[in-house]
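Colleague: Below are the structure tokens for one structure; questions will follow.
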Amino acid sequence: MQNSIAMTILIFLGAAIIMVPLGKKLGLSSVIGYILGGILIGPFCLQLTGRDAADIMHASELGVVMLLFLVGLELEPHKLWQIRKRILGLGLSQMLLSIVGIFFVFYVAGFGLKKSLIISLCFAMSSTAIVLQTLKEKNLFRTVSGESSFSILLFQDIAVIPILALLPFLSKSERAVKQSEHQEILLQYVPDWMQPFIVIFGVLALILLGRYIFIPFLRFVSKSGLNELLTAASLFLIIGVSELMISVGLSPALGAFIAGVMLANSEFRHELASDIDPFKGLLLAVFFVSVGATINFNIIAEKPFFIFSAAFIVLAIKALVLFGIGKYYKMNNEQSFFLAFALSQVGEFAFVLVNFAASLYLIDYQANSELMAIVAITMCISPLLLIFKEKVLDNGFIKQKNEENIELGIIKQRKIIIVGFGFFGSTVGRLLKANGIRSTVLDNDPDRVALLRSNGFNVYYGDATKPALLRAAGIEEAELLVLCLDDVEKNKFLVDYCKENYPDLKIFVRAKNRLDAYDFLNKNVNNIYRETLGTAVDMAVDILKENGMRKYTARRMGKRFMLIDKEMTKRLAKEKDKDMITFTLRESLEREAELLALDSISFEENYWSGDEDKDK
């Protein structure tokens, strides 16, 4: 059956819409639902895909590029440093041991040295989409097994980059270098000894572009005030970087990852993530459906024993490696079994890596089809292993079950999100910052964001009324939401949205007058502050108390802050130079922190806890 490209996409989306909810009801992940939907509409079942399935999969690989861009956005240096030992220890040991085991199996099976190495590199990966979704659904991100799983996945995602860069150098075919007659790339004009320098040149070019072009470009676009333009700019950057890397002869995923890392510390991080995530999710959905639609069941029928035995052997090798690593790092039985079963499948990047290797003529068509089938089978079996663990092992053999739900022993303050950082919100944020209380701040004024970031505030650009931005900023893990927007209607919208979707979230809201306060009270919001300097300080004091500070100490901090604020306002009023005002503002922030810290020394013994009766 031959369809138009639009009709084929319609069929793919319909398969996803129908099969994913059905898969969810059976306890399967969304990725498995997509693949099953692709199998259903593919040439071996309903034959609805026509001849465009392979083309659609190729086009939807942009979803994988976007996934790597988002991974790069999450890689802030200080976060990596905090879990560096787990990333290197768990991630590197899992990759190396899995590569060795899988390489040995395929080499013995007669695949040859080079092909076995490529297969082992591809199959050592696990599915980021499946595992992260499992961690999210089971609320395991803060557990030992959750952090360990994330560390391994993070290392694997980073490892994709050197693997993508390595594959072209494993190929000595003229056709592999040229790739196609109609596409000209830089690599085909340089000798082999210069090709590594082309990789370095491409990476350095992206770093320079990210630092001196991307961020100023996004600031320029954001000043238009049109959210759709910033979305267009986000897509423009990712597609442009991908095309730049292709023209150099490198993987577009490599460029997307580096671009994401370069923007990870910018004020646009959350806005970019919220803009790109829907496109990434949609394209990945189509990608996985197309994977199912292109599985060659004729190949499976020709070599069923080899394909299924290879799938189970790969699962077994990775599970044994992961279980052994878990025990080596002193995890209990349940944590080790979760690690082994959750990450034993071959991941979605294997589809990209295997296809990339085939395009370089490192793998022939027959082997490519066989490997794609093996990958899909492992992805379908892995969720069943987790069900087996929960239904059988947890109830029958594992004696340490309750230990898995113990969160990591790092005590963190309550996560706070402040929306709006104008005169009212900045007063709240400054008092919290002066007392060492960290918060994530969202504001849609690019100039204000740039100014505040230069003064050390954790501020991000974006419209907080967009649910995707709230999710990117961590609303699902937040405990306190502070609404300080000047637009009362937006505050009301956010109250309604958060009350409906996050009922346990505690909300502090700014109101302009008594009528606004009535509306918020009717929405069951009790922490309402009608706008003045005093009420902004009152809000910050109540947030300090909510974080555990004693009432008397918090009130003392608020009074001291108002005195300092009045003093610094007088100083700032005398400044004529805008640059000097910014410098003085930085000085004032440091001065506030110093004075408030000194003021609290005498109260150190009853600073954060004690008998509440003494506060009255």
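Here's how to read the names in the structure tokens: chain A, B, ... by the order shown, residue numbers from 1 in each chain, ligand numbers from 1 in the order shown.
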Could you name the residues that touch Ile163 of chain A at 10 Å or less, counting only C-alpha atoms, but leaving out those on the same chain fewer than 5 positions away, as a list of chain:residue names?
Modeller: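 My reading of the contact set: A:Ile118, A:Leu121, A:Cys122, A:Ile158, A:Pro168, A:Leu254, A:Leu353.
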Colleague: Residues within 8 Å of Pro446 of chain A, please, as a count of residues only. Count only C-alpha atoms; anything in the same chain fewer than 4 positions from it doesn't count.
Modeller: 5
Colleague: Give me the residues within 7 Å of segment 356-368 of chain A as JSON, numbers by chain, counting only C-alpha atoms and dropping any in the same chain fewer than 2 places off.
Modeller: {"A": [115, 167, 168, 171, 176, 352, 353, 354, 370, 371, 372]}
Colleague: Those residues you just picked out, can you put them in a file as a tab-separated table (two decimals), in the first residue's frame with all heavy atoms?
Modeller:
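Once written, result-v1.tsv looks like this:
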chain	number	residue	atom	x	y	z
A	115	LYS	N	33.71	-5.77	13.35
A	115	LYS	CA	32.25	-5.80	13.50
A	115	LYS	C	31.85	-6.12	14.94
A	115	LYS	O	30.90	-5.54	15.48
A	115	LYS	CB	31.65	-6.81	12.53
A	115	LYS	CG	30.14	-6.72	12.40
A	115	LYS	CD	29.59	-7.71	11.40
A	115	LYS	CE	30.04	-7.39	9.99
A	115	LYS	NZ	29.41	-8.28	8.99
A	167	LEU	N	33.43	5.98	14.90
A	167	LEU	CA	32.98	5.10	13.82
A	167	LEU	C	33.51	5.49	12.44
A	167	LEU	O	33.93	4.62	11.68
A	167	LEU	CB	31.44	5.04	13.81
A	167	LEU	CG	30.78	4.29	14.97
A	167	LEU	CD1	29.27	4.31	14.85
A	167	LEU	CD2	31.28	2.85	15.06
A	168	PRO	N	33.52	6.78	12.06
A	168	PRO	CA	34.07	7.11	10.73
A	168	PRO	C	35.54	6.71	10.55
A	168	PRO	O	35.96	6.38	9.45
A	168	PRO	CB	33.90	8.63	10.64
A	168	PRO	CG	32.80	8.93	11.58
A	168	PRO	CD	32.95	7.97	12.71
A	171	SER	N	36.18	3.10	9.47
A	171	SER	CA	35.86	2.77	8.08
A	171	SER	C	36.92	3.33	7.15
A	171	SER	O	37.28	4.50	7.21
A	171	SER	CB	34.49	3.37	7.71
A	171	SER	OG	34.23	3.17	6.34
A	176	ALA	N	32.35	5.47	2.31
A	176	ALA	CA	31.99	5.89	3.65
A	176	ALA	C	32.40	7.33	3.91
A	176	ALA	O	31.74	8.06	4.62
A	176	ALA	CB	32.65	4.97	4.68
A	352	VAL	N	20.52	4.37	16.37
A	352	VAL	CA	21.26	5.42	15.67
A	352	VAL	C	22.67	4.96	15.32
A	352	VAL	O	23.15	5.13	14.19
A	352	VAL	CB	21.31	6.70	16.53
A	352	VAL	CG1	22.09	7.79	15.83
A	352	VAL	CG2	19.89	7.18	16.85
A	353	LEU	N	23.34	4.33	16.30
A	353	LEU	CA	24.72	3.91	16.08
A	353	LEU	C	24.81	2.81	15.03
A	353	LEU	O	25.71	2.82	14.18
A	353	LEU	CB	25.33	3.43	17.41
A	353	LEU	CG	25.52	4.51	18.49
A	353	LEU	CD1	25.93	3.87	19.80
A	353	LEU	CD2	26.54	5.54	18.05
A	354	VAL	N	23.89	1.83	15.08
A	354	VAL	CA	23.92	0.74	14.10
A	354	VAL	C	23.65	1.27	12.70
A	354	VAL	O	24.32	0.90	11.73
A	354	VAL	CB	22.90	-0.36	14.49
A	354	VAL	CG1	22.75	-1.37	13.36
A	354	VAL	CG2	23.35	-1.07	15.76
A	370	GLU	N	19.48	-7.82	11.41
A	370	GLU	CA	19.54	-8.73	12.55
A	370	GLU	C	19.77	-7.97	13.86
A	370	GLU	O	19.12	-8.24	14.88
A	370	GLU	CB	20.66	-9.75	12.33
A	370	GLU	CG	20.40	-10.72	11.18
A	370	GLU	CD	21.60	-11.58	10.86
A	370	GLU	OE1	22.64	-11.40	11.54
A	370	GLU	OE2	21.51	-12.43	9.96
A	371	LEU	N	20.68	-7.01	13.83
A	371	LEU	CA	21.00	-6.25	15.04
A	371	LEU	C	19.82	-5.38	15.48
A	371	LEU	O	19.54	-5.25	16.67
A	371	LEU	CB	22.23	-5.38	14.80
A	371	LEU	CG	23.54	-6.14	14.54
A	371	LEU	CD1	24.67	-5.17	14.21
A	371	LEU	CD2	23.91	-7.01	15.73
A	372	MET	N	19.13	-4.78	14.52
A	372	MET	CA	17.94	-3.98	14.85
A	372	MET	C	16.88	-4.84	15.53
A	372	MET	O	16.23	-4.41	16.49
A	372	MET	CB	17.37	-3.34	13.59
A	372	MET	CG	18.28	-2.34	12.92
A	372	MET	SD	18.29	-0.73	13.73
A	372	MET	CE	16.78	-0.05	13.05
Colleague: Using only C-alpha atoms for the distances, tell me which of A:Leu13, A:Met66, A:Asp542, A:Thr532 is nearest to Pro278 of chain A.
Modeller: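 Looking only at the distances to Pro278 of chain A, the closest residue turns out to be A:Met66.
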Colleague: Give me, please, the distance in Å between atom CA of Gln47 of chain A and atom CA of Glu302 of chain A, quoted to one decimal.
Modeller: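 Interatomic distance here is 20.3 Å.
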Colleague: Rank A:Ala259, A:Thr378, A:Phe106, A:Pro503 by their smallest atom-to-atom distance to Leu244 of chain A, using only C-alpha atoms, and report the top residue only.
Modeller: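 The closest residue to Leu244 of chain A is A:Ala259.
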Colleague: Which residue, A:Val144, A:Leu481, A:Val65, A:Ala233, has the smallest gap to Asn333 of chain A when you use only C-alpha atoms?
Modeller: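 Once distances to Asn333 of chain A are computed over only C-alpha atoms, the minimum belongs to A:Val144.
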Colleague: Just the number, please: distance in Å from atom CA of Leu62 of chain A to atom CA of Leu283 of chain A, one decimal.
Modeller: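 One can read the atom CA of Leu62 of chain A to atom CA of Leu283 of chain A distance as 6.9 Å.
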Colleague: Step one, run DSSP on the backbone; step two, keep only residues of segment 342-501 of chain A assigned to helix (DSSP H, G or I); then write them as a PyMOL selection string.
Modeller: chain A and resi 342+349-359+365-396+401-405+423-434+446-454+467-472+488-501
Colleague: List as number ranges by chain the protein and nucleic acid residues near Asp447 of chain A, meaning an atom at most 12 Å away when only C-alpha atoms are counted, but skip any in the same chain fewer than 4 places from it.
Modeller: A: 216, 218-220, 222-225, 267, 421-422, 443, 451-454, 459-461
